[in-house]
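start24.txt, holding compact mmCIF, C-alpha atoms:
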```txt
# COMPACT_ATOMS: atom_id res chain seq x y z
CA MET A 1 0.00 0.00 0.00
CA ASN A 2 1.47 3.29 -0.97
CA PHE A 3 1.36 6.50 1.03
CA ARG A 4 -1.24 8.11 -1.13
CA ASP A 5 -3.75 5.26 -0.73
CA TRP A 6 -3.04 5.09 2.97
CA LEU A 7 -3.63 8.87 3.32
CA ILE A 8 -6.89 8.76 1.34
CA LYS A 9 -8.07 5.80 3.38
CA ASN A 10 -7.29 7.52 6.71
CA ILE A 11 -8.78 10.84 5.57
CA GLY A 12 -11.92 9.00 4.37
CA ILE A 13 -12.25 7.17 7.69
CA ALA A 14 -11.68 10.39 9.64
CA THR A 15 -14.18 12.24 7.43
CA ALA A 16 -16.76 9.46 7.89
CA ILE A 17 -16.23 9.52 11.66
CA ILE A 18 -16.58 13.31 11.71
CA ILE A 19 -19.75 13.15 9.57
CA LEU A 20 -21.18 10.44 11.82
CA MET A 21 -20.32 12.51 14.90
CA LEU A 22 -21.93 15.62 13.34
CA VAL A 23 -25.06 13.61 12.53
CA PHE A 24 -25.02 12.21 16.07
CA ILE A 25 -24.57 15.73 17.53
CA PHE A 26 -27.36 17.09 15.31
CA PHE A 27 -29.77 14.38 16.51
CA LEU A 28 -28.58 14.85 20.09
CA LYS A 29 -29.15 18.62 19.80
CA THR A 30 -32.64 18.06 18.38
CA ASP A 31 -33.45 15.63 21.20
CA ILE A 32 -32.13 18.07 23.81
CA ASN A 33 -34.19 20.94 22.30
CA ASN A 34 -37.31 18.74 22.35
CA ARG A 35 -36.72 17.81 25.98
CA VAL A 36 -36.09 21.46 26.92
CA SER A 37 -39.38 22.43 25.22
CA GLN A 38 -41.21 19.68 27.11
CA ILE A 39 -39.65 20.78 30.41
CA GLN A 40 -40.60 24.42 29.74
CA PHE A 41 -44.15 23.40 28.83
CA GLN A 42 -44.45 21.27 31.96
CA GLY A 43 -43.03 24.14 34.05
CA ARG A 44 -45.61 26.58 32.65
CA SER A 45 -48.36 24.00 33.15
CA LEU A 46 -47.24 23.41 36.73
CA ALA A 47 -47.13 27.17 37.40
CA GLU A 48 -50.68 27.51 36.01
CA ARG A 49 -51.88 24.65 38.19
CA ILE A 50 -50.25 26.17 41.27
CA GLN A 51 -51.88 29.51 40.47
CA SER A 52 -55.25 27.78 39.98
CA ILE A 53 -54.92 25.99 43.31
CA GLU A 54 -54.01 29.26 45.04
CA SER A 55 -56.99 30.96 43.40
CA LEU A 56 -59.33 28.18 44.47
CA THR A 57 -58.01 28.35 48.02
CA SER A 58 -58.47 32.11 48.05
CA LEU A 59 -61.98 31.82 46.58
CA GLN A 60 -62.93 29.23 49.16
CA ALA A 61 -61.69 31.44 52.00
CA ASN A 62 -63.40 34.50 50.53
CA SER A 63 -66.57 32.51 49.95
CA LYS A 64 -67.03 32.08 53.67
CA LYS A 65 -66.39 35.79 54.24
CA SER A 66 -68.75 36.81 51.45
CA GLU A 67 -71.46 34.53 52.80
CA GLU A 68 -71.15 36.23 56.19
CA LEU A 69 -71.22 39.67 54.54
CA PHE A 70 -74.17 38.69 52.36
CA ASN A 71 -76.08 37.59 55.45
CA LYS A 72 -75.26 40.89 57.19
CA LEU A 73 -76.34 42.82 54.10
CA SER A 74 -79.56 40.84 53.87
CA GLU A 75 -80.24 41.57 57.52
CA SER A 76 -79.63 45.28 56.92
CA LEU A 77 -82.36 45.45 54.28
CA PRO A 78 -85.76 46.12 55.84
CA GLU A 79 -88.50 43.56 55.60
CA LYS A 80 -91.08 44.17 52.89
CA ASP A 81 -93.76 45.10 55.43
CA GLN A 82 -91.43 47.70 57.00
CA LEU A 83 -91.61 49.73 53.78
CA ILE A 84 -94.92 51.12 54.99
CA GLY A 85 -92.93 53.50 57.18
CA PHE A 86 -90.76 54.60 54.24
CA SER A 87 -93.19 57.23 52.97
CA LYS A 88 -93.78 58.53 56.51
CA GLU A 89 -90.05 58.90 57.07
CA LEU A 90 -89.65 60.77 53.76
CA GLU A 91 -92.58 62.99 54.65
CA GLY A 92 -90.85 63.85 57.95
CA TYR A 93 -87.65 64.73 56.07
CA ALA A 94 -89.62 66.91 53.66
CA LYS A 95 -91.42 68.78 56.45
CA SER A 96 -88.16 69.35 58.36
CA ASN A 97 -86.77 70.94 55.18
CA ASN A 98 -89.86 73.05 54.42
CA LEU A 99 -90.80 71.07 51.33
CA ASP A 100 -94.26 70.09 50.08
CA PHE A 101 -94.60 66.33 49.81
CA GLY A 102 -96.44 63.76 47.70
CA PHE A 103 -95.63 60.07 47.45
CA SER A 104 -96.89 56.89 45.79
CA PHE A 105 -95.55 53.38 45.42
CA GLY A 106 -95.40 51.83 41.96
CA ASN A 107 -94.46 48.36 40.77
CA GLU A 108 -93.16 45.72 43.13
CA VAL A 109 -90.65 42.94 42.38
CA GLU A 110 -90.50 40.15 44.95
CA GLY A 111 -87.10 39.40 46.45
CA THR A 112 -85.32 36.08 45.96
CA ASP A 113 -82.53 34.35 47.86
CA SER A 114 -79.93 36.09 45.71
CA ALA A 115 -81.63 39.41 44.90
CA PRO A 116 -83.46 41.98 47.01
CA GLY A 117 -87.07 42.95 46.56
CA ILE A 118 -87.63 46.21 44.69
CA ASN A 119 -90.49 48.67 45.11
CA SER A 120 -90.61 51.58 42.71
CA PHE A 121 -91.94 54.93 43.85
CA VAL A 122 -92.71 58.45 42.65
CA LEU A 123 -92.07 61.36 44.98
CA THR A 124 -93.28 64.90 44.25
CA SER A 125 -92.19 67.94 46.14
CA LYS A 126 -91.91 71.71 45.97
CA GLY A 127 -89.36 73.98 47.62
CA THR A 128 -85.99 75.68 47.34
CA TYR A 129 -83.04 73.96 45.78
CA SER A 130 -80.93 74.07 48.97
CA ASP A 131 -83.77 72.51 51.00
CA PHE A 132 -84.12 69.84 48.34
CA VAL A 133 -80.38 68.99 48.59
CA LYS A 134 -80.68 68.67 52.39
CA PHE A 135 -83.70 66.42 51.87
CA LEU A 136 -81.71 64.15 49.54
CA ARG A 137 -78.85 63.91 52.05
CA GLN A 138 -81.31 62.81 54.73
CA ILE A 139 -82.65 60.11 52.41
CA GLU A 140 -79.09 58.99 51.75
CA ASP A 141 -78.42 58.67 55.49
CA SER A 142 -81.70 56.86 56.22
CA LYS A 143 -81.99 53.18 57.13
CA TYR A 144 -83.50 52.44 53.71
CA PHE A 145 -81.52 51.50 50.60
CA VAL A 146 -82.80 53.78 47.87
CA GLY A 147 -81.90 54.05 44.21
CA PHE A 148 -82.94 57.03 42.12
CA ASN A 149 -83.85 56.53 38.47
CA SER A 150 -84.69 60.12 37.51
CA PHE A 151 -84.99 63.65 38.85
CA ASP A 152 -87.19 66.21 37.19
CA LEU A 153 -86.59 69.76 38.47
CA ASN A 154 -88.68 72.61 37.10
CA LYS A 155 -88.11 76.15 38.27
CA ASN A 156 -91.25 78.01 39.29
CA GLU A 157 -90.37 81.59 40.37
CA ASN A 158 -88.23 81.11 43.54
CA ASP A 159 -89.08 77.45 44.10
CA PHE A 160 -88.63 74.20 42.25
CA ASN A 161 -91.26 71.60 41.42
CA ILE A 162 -89.54 68.27 41.89
CA ILE A 163 -90.46 64.79 40.66
CA ILE A 164 -88.27 61.85 41.68
CA ARG A 165 -88.65 58.35 40.34
CA GLY A 166 -86.76 55.71 42.30
CA GLU A 167 -86.64 52.33 43.96
CA VAL A 168 -86.43 51.18 47.55
CA PHE A 169 -84.95 47.75 48.29
CA SER A 170 -86.19 45.19 50.82
CA GLN A 171 -85.75 41.57 51.82
```

Just dump the structure as structure tokens.
Amino acid sequence: MNFRDWLIKNIGIATAIIILMLVFIFFLKTDINNRVSQIQFQGRSLAERIQSIESLTSLQANSKKSEELFNKLSESLPEKDQLIGFSKELEGYAKSNNLDFGFSFGNEVEGTDSAPGINSFVLTSKGTYSDFVKFLRQIEDSKYFVGFNSFDLNKNENDFNIIIRGEVFSQ
């Protein structure tokens, strides 16, 4: 065997080994990248699960608190039959603020376990604007939960004619 054949044979073997090693490294790199992607995916999935468990734990703890608060809120709403005194209380506020007073209940929606009862009303009054504002503040501070849907103020010389449409909530 001459030197040239020997050199070609050794270079060919070395080249084949290098090519095989490069192919092996390429496949190894691909396998490592796939495993890294799987580990990252599992890490994100685990983090999401941990966050979900923490959220569920927090919701469960807050559920007990909210149930207690809901019961307190329900107790703070007057009974439906206590709404009879609502118009009398408003009339007292109106008189203490030198306002004329008219009142009528409208539609009624029965309360459920998860929603309060609603009684609509129309209130008419006449007086000065500043007295009317004081009247509204007294309503706001009253024991009743009241929602106002509309205010209609019409100026009549020095006074205002006032029409309020609203709702009062009950158990």

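A straight line drawn from atom CA of A:Glu79 to atom CA of A:Ile139 is 17.8 Å long.
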
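The residue that comes closest to A:Leu90, out of A:Thr128, A:Ser58, A:Asn149, A:Ser104 and on the basis of all atoms listed in the file, is A:Ser104.
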
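Of the listed residues A:Ile163, A:Val109, A:Leu56, A:Leu20, the one whose atoms come nearest to A:Val122 is A:Ile163, with distances taken using only C-alpha atoms.
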
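Taking only C-alpha atoms into account, A:Glu108 lies nearest to A:Ser170 out of the set A:Ser170, A:Ser125, A:Gln42, A:Thr15.
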
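The spacing separating atom CA of A:Ile118 from atom CA of A:Glu167 amounts to 6.2 Å.
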
So how many Å separate atom CA of A:Ser130 and atom CA of A:Phe148, to one decimal?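 Between atom CA of A:Ser130 and atom CA of A:Phe148 the gap is 18.5 Å.
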
Selection: 12 Å around A:Gly111, only C-alpha atoms, excl. self and same-chain fewer than 6 positions, as a ChimeraX atom specification: /A:74,77-80,117-119,168-171

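Here the residues that fall within 8 Å of (-89.5, 59.5, 48.7), using all atoms listed in the file, are given as Phe86, Ser87, Leu90, Glu91, Phe103, Phe121, Val122, Leu123, Thr124, Ile139, Ile164 and Gly166 of chain A.
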
For stretch 147-163 of chain A, take all atoms listed in the file, fit an axis-aligned box around them, add 5 Å to each of the six sides, then output centre and edge lengths in Å rounded to one decimal, as lines of an AutoDock Vina configuration file.
```
center_x = -86.6
center_y = 67.8
center_z = 40.7
size_x = 19.4
size_y = 37.5
size_z = 17.1
```
